[in-house]
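J.: To be precise about what I am sending: the file is called work16.tsv and holds TSV, C-alpha atoms.
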chain	number	residue	atom	x	y	z
A	11	MET	CA	0.00	0.00	0.00
A	12	TRP	CA	2.75	2.38	0.80
A	13	LYS	CA	4.44	1.59	-2.44
A	14	PHE	CA	1.27	2.28	-4.39
A	15	VAL	CA	0.80	5.63	-2.70
A	16	CYS	CA	4.39	6.56	-3.37
A	17	CYS	CA	4.06	5.61	-6.99
A	18	THR	CA	0.92	7.66	-7.27
A	19	CYS	CA	2.57	10.65	-5.66
A	20	SER	CA	5.54	10.39	-7.94
A	21	PHE	CA	3.23	10.16	-10.95
A	22	HIS	CA	1.31	13.26	-9.88
A	23	LYS	CA	4.54	15.15	-9.26
A	24	LYS	CA	5.76	14.27	-12.73
A	25	ASP	CA	2.53	15.45	-14.37
A	26	MET	CA	2.52	18.70	-12.42
A	27	PHE	CA	6.11	19.35	-13.40
A	28	GLN	CA	5.34	18.93	-17.12
A	29	PHE	CA	2.23	21.09	-16.80
A	30	SER	CA	4.21	23.89	-15.12
A	31	ARG	CA	6.83	23.70	-17.89
A	32	ARG	CA	4.12	24.14	-20.51
A	33	ILE	CA	2.65	27.19	-18.80
A	34	LEU	CA	6.10	28.75	-18.40
A	35	ALA	CA	6.89	28.13	-22.08
A	36	ARG	CA	3.65	29.82	-23.18
A	37	GLN	CA	4.32	32.87	-21.00
A	38	GLN	CA	7.79	33.23	-22.52
A	39	GLY	CA	6.47	33.01	-26.12
A	40	GLY	CA	7.69	29.51	-26.79
A	41	LYS	CA	5.75	26.56	-28.12
A	42	THR	CA	5.30	23.14	-26.69
A	43	ARG	CA	5.50	19.94	-28.58
A	44	PHE	CA	1.74	19.70	-28.58
A	45	SER	CA	1.19	23.19	-30.00
A	46	SER	CA	3.87	22.81	-32.66
A	47	ALA	CA	2.52	19.46	-33.71
A	48	THR	CA	-0.99	20.90	-33.85
A	49	ALA	CA	0.21	23.83	-35.97
A	50	GLU	CA	2.01	21.50	-38.31
A	51	THR	CA	-1.10	19.41	-38.75
A	52	THR	CA	-3.46	22.37	-39.16
A	53	THR	CA	-1.36	24.38	-41.66
A	54	SER	CA	-1.83	23.22	-45.20
A	55	SER	CA	0.79	23.60	-47.90
A	56	PRO	CA	-0.07	26.24	-50.59
A	57	THR	CA	-1.25	24.86	-53.89
A	58	PRO	CA	1.18	25.64	-56.71
A	59	THR	CA	-0.18	28.03	-59.37
A	60	PRO	CA	-0.13	26.66	-62.89
A	61	PRO	CA	2.20	28.51	-65.27
A	62	VAL	CA	0.57	31.08	-67.57
A	63	PRO	CA	0.96	30.06	-71.20
A	64	ALA	CA	2.77	32.61	-73.36
A	65	VAL	CA	0.58	34.46	-75.85
A	66	ASP	CA	1.75	34.25	-79.39
A	67	LYS	CA	1.56	37.82	-80.73
A	68	GLY	CA	2.73	36.90	-84.18
A	69	THR	CA	5.03	38.83	-86.43
A	70	ARG	CA	4.88	42.58	-87.00
A	71	LEU	CA	3.24	42.08	-90.39
A	72	GLU	CA	0.49	40.00	-88.85
A	73	GLN	CA	-0.09	42.63	-86.17
A	74	TRP	CA	-0.41	45.38	-88.79
A	75	LYS	CA	-2.78	43.22	-90.80
A	76	LYS	CA	-4.93	42.59	-87.74
A	77	PHE	CA	-4.96	46.31	-86.84
A	78	TRP	CA	-6.09	47.47	-90.29
A	79	THR	CA	-8.67	44.69	-90.47
A	80	VAL	CA	-10.25	45.77	-87.18
A	81	LEU	CA	-10.11	49.44	-88.21
A	82	TYR	CA	-11.78	48.71	-91.56
A	83	SER	CA	-14.47	46.71	-89.82
A	84	ASP	CA	-15.23	49.56	-87.41
A	85	TYR	CA	-15.46	52.20	-90.14
A	86	ARG	CA	-17.57	49.90	-92.28
A	87	ASP	CA	-20.04	49.45	-89.43
A	88	VAL	CA	-20.19	53.22	-88.89
A	89	ALA	CA	-20.81	53.83	-92.59
A	90	VAL	CA	-23.57	51.22	-92.73
A	91	ASP	CA	-25.27	52.69	-89.64
A	92	THR	CA	-25.03	56.21	-91.08
A	93	ILE	CA	-26.56	55.22	-94.40
A	94	THR	CA	-29.32	53.34	-92.62
A	95	SER	CA	-30.18	56.35	-90.44
A	96	MET	CA	-30.10	58.67	-93.47
A	97	LYS	CA	-32.59	56.46	-95.28
A	98	ALA	CA	-34.80	56.39	-92.21
A	99	LYS	CA	-34.76	60.22	-91.75
A	100	PRO	CA	-33.93	61.87	-95.10
A	101	LYS	CA	-34.96	65.42	-94.11
A	102	LYS	CA	-32.77	65.42	-91.05
A	103	ALA	CA	-29.87	63.99	-93.03
A	104	ALA	CA	-30.31	66.66	-95.73
A	105	ALA	CA	-30.28	69.42	-93.09
A	106	TYR	CA	-27.10	68.04	-91.53
A	107	LEU	CA	-25.37	67.70	-94.88
A	108	THR	CA	-26.36	71.23	-95.89
A	109	GLY	CA	-25.03	72.67	-92.65
A	110	ILE	CA	-21.76	70.77	-92.93
A	111	GLY	CA	-21.37	71.88	-96.55
A	112	CYS	CA	-21.98	75.54	-95.64
A	113	VAL	CA	-19.44	75.38	-92.82
A	114	LEU	CA	-16.82	73.80	-95.07
A	115	TYR	CA	-17.45	76.35	-97.82
A	116	ALA	CA	-17.22	79.26	-95.37
A	117	THR	CA	-13.99	77.89	-93.94
A	118	GLU	CA	-12.50	77.35	-97.38
A	119	THR	CA	-13.41	80.83	-98.64
A	120	ASN	CA	-12.50	82.68	-95.44
A	121	PRO	CA	-10.48	85.76	-96.58
A	122	ASP	CA	-7.18	86.77	-94.99
A	123	ALA	CA	-5.14	89.95	-94.54
A	124	ARG	CA	-3.60	89.69	-98.02
A	125	THR	CA	-7.00	89.64	-99.73
A	126	TYR	CA	-8.06	92.70	-97.73
A	127	TYR	CA	-4.99	94.62	-98.82
A	128	GLU	CA	-5.70	93.65	-102.43
A	129	ALA	CA	-9.31	94.81	-102.07
A	130	MET	CA	-8.15	98.12	-100.61
A	131	VAL	CA	-5.68	98.68	-103.46
A	132	LYS	CA	-8.35	97.88	-106.06
A	133	ALA	CA	-10.80	100.25	-104.39
A	134	ALA	CA	-8.19	103.02	-104.30
A	135	ASP	CA	-7.42	102.49	-108.00
A	136	ASP	CA	-11.12	102.76	-108.86
A	137	ALA	CA	-11.61	105.86	-106.72
A	138	ILE	CA	-8.59	107.71	-108.14
A	139	LEU	CA	-10.19	107.63	-111.60
A	140	VAL	CA	-13.14	109.71	-110.36
A	141	SER	CA	-12.93	113.48	-109.97
A	142	GLU	CA	-13.14	115.02	-106.52
A	143	ALA	CA	-16.45	116.66	-107.37
A	144	ASN	CA	-18.07	113.30	-108.17
A	145	LEU	CA	-16.30	111.16	-105.56
A	146	ASN	CA	-18.41	110.02	-102.64
A	147	PRO	CA	-17.09	111.69	-99.44
A	148	ALA	CA	-17.83	108.62	-97.30
A	149	THR	CA	-15.80	106.41	-99.65
A	150	ASP	CA	-12.96	108.94	-99.74
A	151	ASN	CA	-12.83	109.19	-95.91
A	152	ARG	CA	-12.86	105.43	-95.52
A	153	LEU	CA	-10.05	104.89	-98.03
A	154	CYS	CA	-7.99	107.64	-96.41
A	155	LEU	CA	-8.43	106.00	-93.00
A	156	ILE	CA	-7.34	102.62	-94.35
A	157	ARG	CA	-4.30	104.04	-96.14
A	158	GLN	CA	-3.23	105.96	-93.05
A	159	SER	CA	-3.65	102.86	-90.87
A	160	TYR	CA	-1.50	100.80	-93.24
A	161	ASN	CA	1.19	103.51	-93.21
A	162	GLU	CA	1.17	103.51	-89.39
A	163	GLY	CA	1.20	99.70	-89.23
A	164	THR	CA	-1.89	99.43	-87.02
A	165	VAL	CA	-3.99	97.17	-89.26
A	166	ARG	CA	-4.59	93.73	-87.76
A	167	CYS	CA	-6.42	90.68	-89.09
A	168	LEU	CA	-8.19	88.22	-86.79
A	169	SER	CA	-9.29	84.92	-88.34
A	170	LEU	CA	-12.11	83.07	-86.57
A	171	GLY	CA	-12.38	80.11	-88.90
A	172	LEU	CA	-15.71	80.89	-90.56
A	173	PHE	CA	-15.03	84.64	-90.93
A	174	SER	CA	-12.28	87.19	-90.35
A	175	LEU	CA	-12.11	90.64	-88.78
A	176	ILE	CA	-9.97	93.65	-89.69
A	177	TRP	CA	-9.36	95.89	-86.70
A	178	LEU	CA	-7.06	98.76	-85.78
A	179	ALA	CA	-4.48	98.63	-83.00
A	180	ASN	CA	-2.96	101.57	-81.13
A	181	TYR	CA	0.65	101.11	-82.17
A	182	HIS	CA	2.81	99.42	-84.77
A	183	GLN	CA	3.57	95.76	-84.10
A	184	ASP	CA	7.32	96.54	-83.98
A	185	CYS	CA	6.91	99.48	-81.61
A	186	GLY	CA	8.86	99.00	-78.38
A	187	ILE	CA	7.49	101.73	-76.10
A	188	TYR	CA	5.93	100.76	-72.78
A	189	PRO	CA	2.22	101.32	-73.66
A	190	SER	CA	2.53	98.99	-76.66
A	191	GLN	CA	4.11	96.18	-74.58
A	192	CYS	CA	2.07	96.40	-71.37
A	193	LYS	CA	-0.77	93.88	-71.42
A	194	TYR	CA	-2.96	96.08	-69.21
A	195	LEU	CA	-2.88	98.92	-71.78
A	196	LYS	CA	-3.67	96.76	-74.80
A	197	PRO	CA	-7.17	96.84	-76.37
A	198	GLY	CA	-9.72	94.92	-74.33
A	199	ILE	CA	-12.76	92.89	-75.25
A	200	ILE	CA	-15.33	95.44	-74.08
A	201	GLY	CA	-14.48	98.16	-76.61
A	202	PHE	CA	-13.12	95.83	-79.28
A	203	HIS	CA	-16.17	96.21	-81.55
A	204	LYS	CA	-15.35	99.90	-82.03
A	205	ARG	CA	-12.00	99.00	-83.57
A	206	ILE	CA	-13.43	96.67	-86.23
A	207	ILE	CA	-13.42	98.30	-89.66
A	208	ASP	CA	-14.30	95.33	-91.87
A	209	VAL	CA	-15.70	91.80	-91.80
A	210	GLY	CA	-14.67	89.09	-94.24
A	211	PHE	CA	-17.09	86.27	-95.02
A	212	LEU	CA	-17.57	83.93	-97.99
A	213	GLY	CA	-14.56	85.36	-99.80
A	214	GLN	CA	-15.73	88.98	-99.59
A	215	TRP	CA	-14.87	91.98	-97.43
A	216	TRP	CA	-18.32	93.37	-96.94
A	217	ASN	CA	-17.64	96.79	-95.41
A	218	ILE	CA	-15.32	98.03	-98.11
A	219	HIS	CA	-17.69	96.48	-100.68
A	220	TRP	CA	-20.52	98.54	-99.22
A	221	TYR	CA	-18.45	101.75	-99.29
A	222	MET	CA	-17.54	101.18	-102.93
A	223	LYS	CA	-21.12	100.59	-104.04
A	224	ASP	CA	-21.78	104.26	-104.99
A	225	PHE	CA	-18.22	105.59	-104.83
A	226	ASP	CA	-18.70	107.77	-107.97
A	227	ILE	CA	-21.83	109.55	-106.73
A	228	ASN	CA	-21.50	112.69	-104.63
A	229	HIS	CA	-24.78	113.20	-102.85
A	230	ASN	CA	-23.69	116.61	-101.58
A	231	GLU	CA	-23.43	117.89	-105.12
A	232	PHE	CA	-27.05	117.03	-105.82
A	233	SER	CA	-28.19	118.61	-102.57
A	234	ARG	CA	-26.58	121.95	-103.55
A	235	GLN	CA	-28.48	122.02	-106.81
Let me see the file written as structure tokens.

T.:
Amino acid sequence: MWKFVCCTCSFHKKDMFQFSRRILARQQGGKTRFSSATAETTTSSPTPTPPVPAVDKGTRLEQWKKFWTVLYSDYRDVAVDTITSMKAKPKKAAAYLTGIGCVLYATETNPDARTYYEAMVKAADDAILVSEANLNPATDNRLCLIRQSYNEGTVRCLSLGLFSLIWLANYHQDCGIYPSQCKYLKPGIIGFHKRIIDVGFLGQWWNIHWYMKDFDINHNEFSRQ
């Protein structure tokens, strides 16, 4: 009996000693054999990812052929859809085509600064053949203003795509004084319409054309009589 009790006590002492070792190992951040074995059994090995097959892009000629084929297919689909919609709504299509044609014609015939100078020279040549008594004073004053502006170098041309504007600046473009270089003293947008002397549209400068309409008729001469 004594031996059995002693064996039991020694067994309990051995178990308590192992249990205390486990607690101490956990407090110090270590792992016991049981925890490590459990972790090894619970963790599963990652599945290997299959290799991605390489894409065969082909030669450069094949790539260009594929690009132009796709581009031709896209434009062909757009053209077919456009023709189908035009057949479905012919009036709307005619209005769109007319507007596009007018815009293209206006852009193509938009006059520039050279054509205005040529128009001014032609108008001056026509006016010089008329005597001062028969010359229209409004035409003469306008031509004198244009000639003086060209001599001073203040004539500017502004192209807006569909039409162009001829306007007068304050100084010559090569003038180097401070008022001509300061951006705060340059002409602004508010009073810009007062500087416009002609408008070019559809290949014609309409203001000088209007002044030259009756350039050889002096209305003051008829009023005196």

J.: Could you check which of A:Leu168, A:Asn230, A:Leu195, A:Asp184 is closest to Asp122 in chain A, using all atoms listed in the file?

T.: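 The shortest atom-to-atom distance to Asp122 in chain A comes from A:Leu168.
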
J.: Would you mind reading off the distance between CA of Asn151 in chain A and CA of Pro189 in chain A, one decimal, in Å?

T.: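 Going from CA of Asn151 in chain A over to CA of Pro189 in chain A, I get 28.0 Å.
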
J.: Can you work out which one of A:Asp84, A:Asp91, A:Glu142, A:Asp208 has the shortest atom-to-atom distance to Ile156 in chain A, counting all atoms listed in the file?

T.: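 Of all the options, A:Asp208 lies closest to Ile156 in chain A.
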
J.: Could you state the separation of CA of Ala143 in chain A and CA of Asn228 in chain A in Å, given to one decimal place?

T.: 7.0 Å

J.: May I ask for the distance between CA of Gly210 in chain A and CA of Leu153 in chain A, given in Å to one decimal place?

T.: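 CA of Leu153 in chain A lies at a distance of 16.9 Å from CA of Gly210 in chain A.
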
J.: If you count all atoms listed in the file, which residues fall within 10 Å of Phe211 in chain A, apart from same-chain ones fewer than 6 positions away, as a PyMOL selection string?

T.: chain A and resi 116-117+119-122+171-175

J.: Residues within 12 Å of Pro197 in chain A, please, as a VMD selection string. Count only C-alpha atoms; anything in the same chain fewer than 4 positions from it doesn't count.

T.: chain A and resid 177 to 181 189 to 193 201 to 206

J.: For range 127-134 of chain A, list every protein, DNA or RNA residue within 10 Å, evaluated using only C-alpha atoms, and leave out those in the same chain fewer than 3 positions away; present the list as a list in words.

T.: Asp122, Ala123, Arg124, Ala137, Ile138, Leu139, Thr149, Asp150, Leu153, Cys154, Ile156, Arg157, Tyr160, Val165, Gln214, Trp215, Ile218, His219, Tyr221, Met222 and Phe225 of chain A
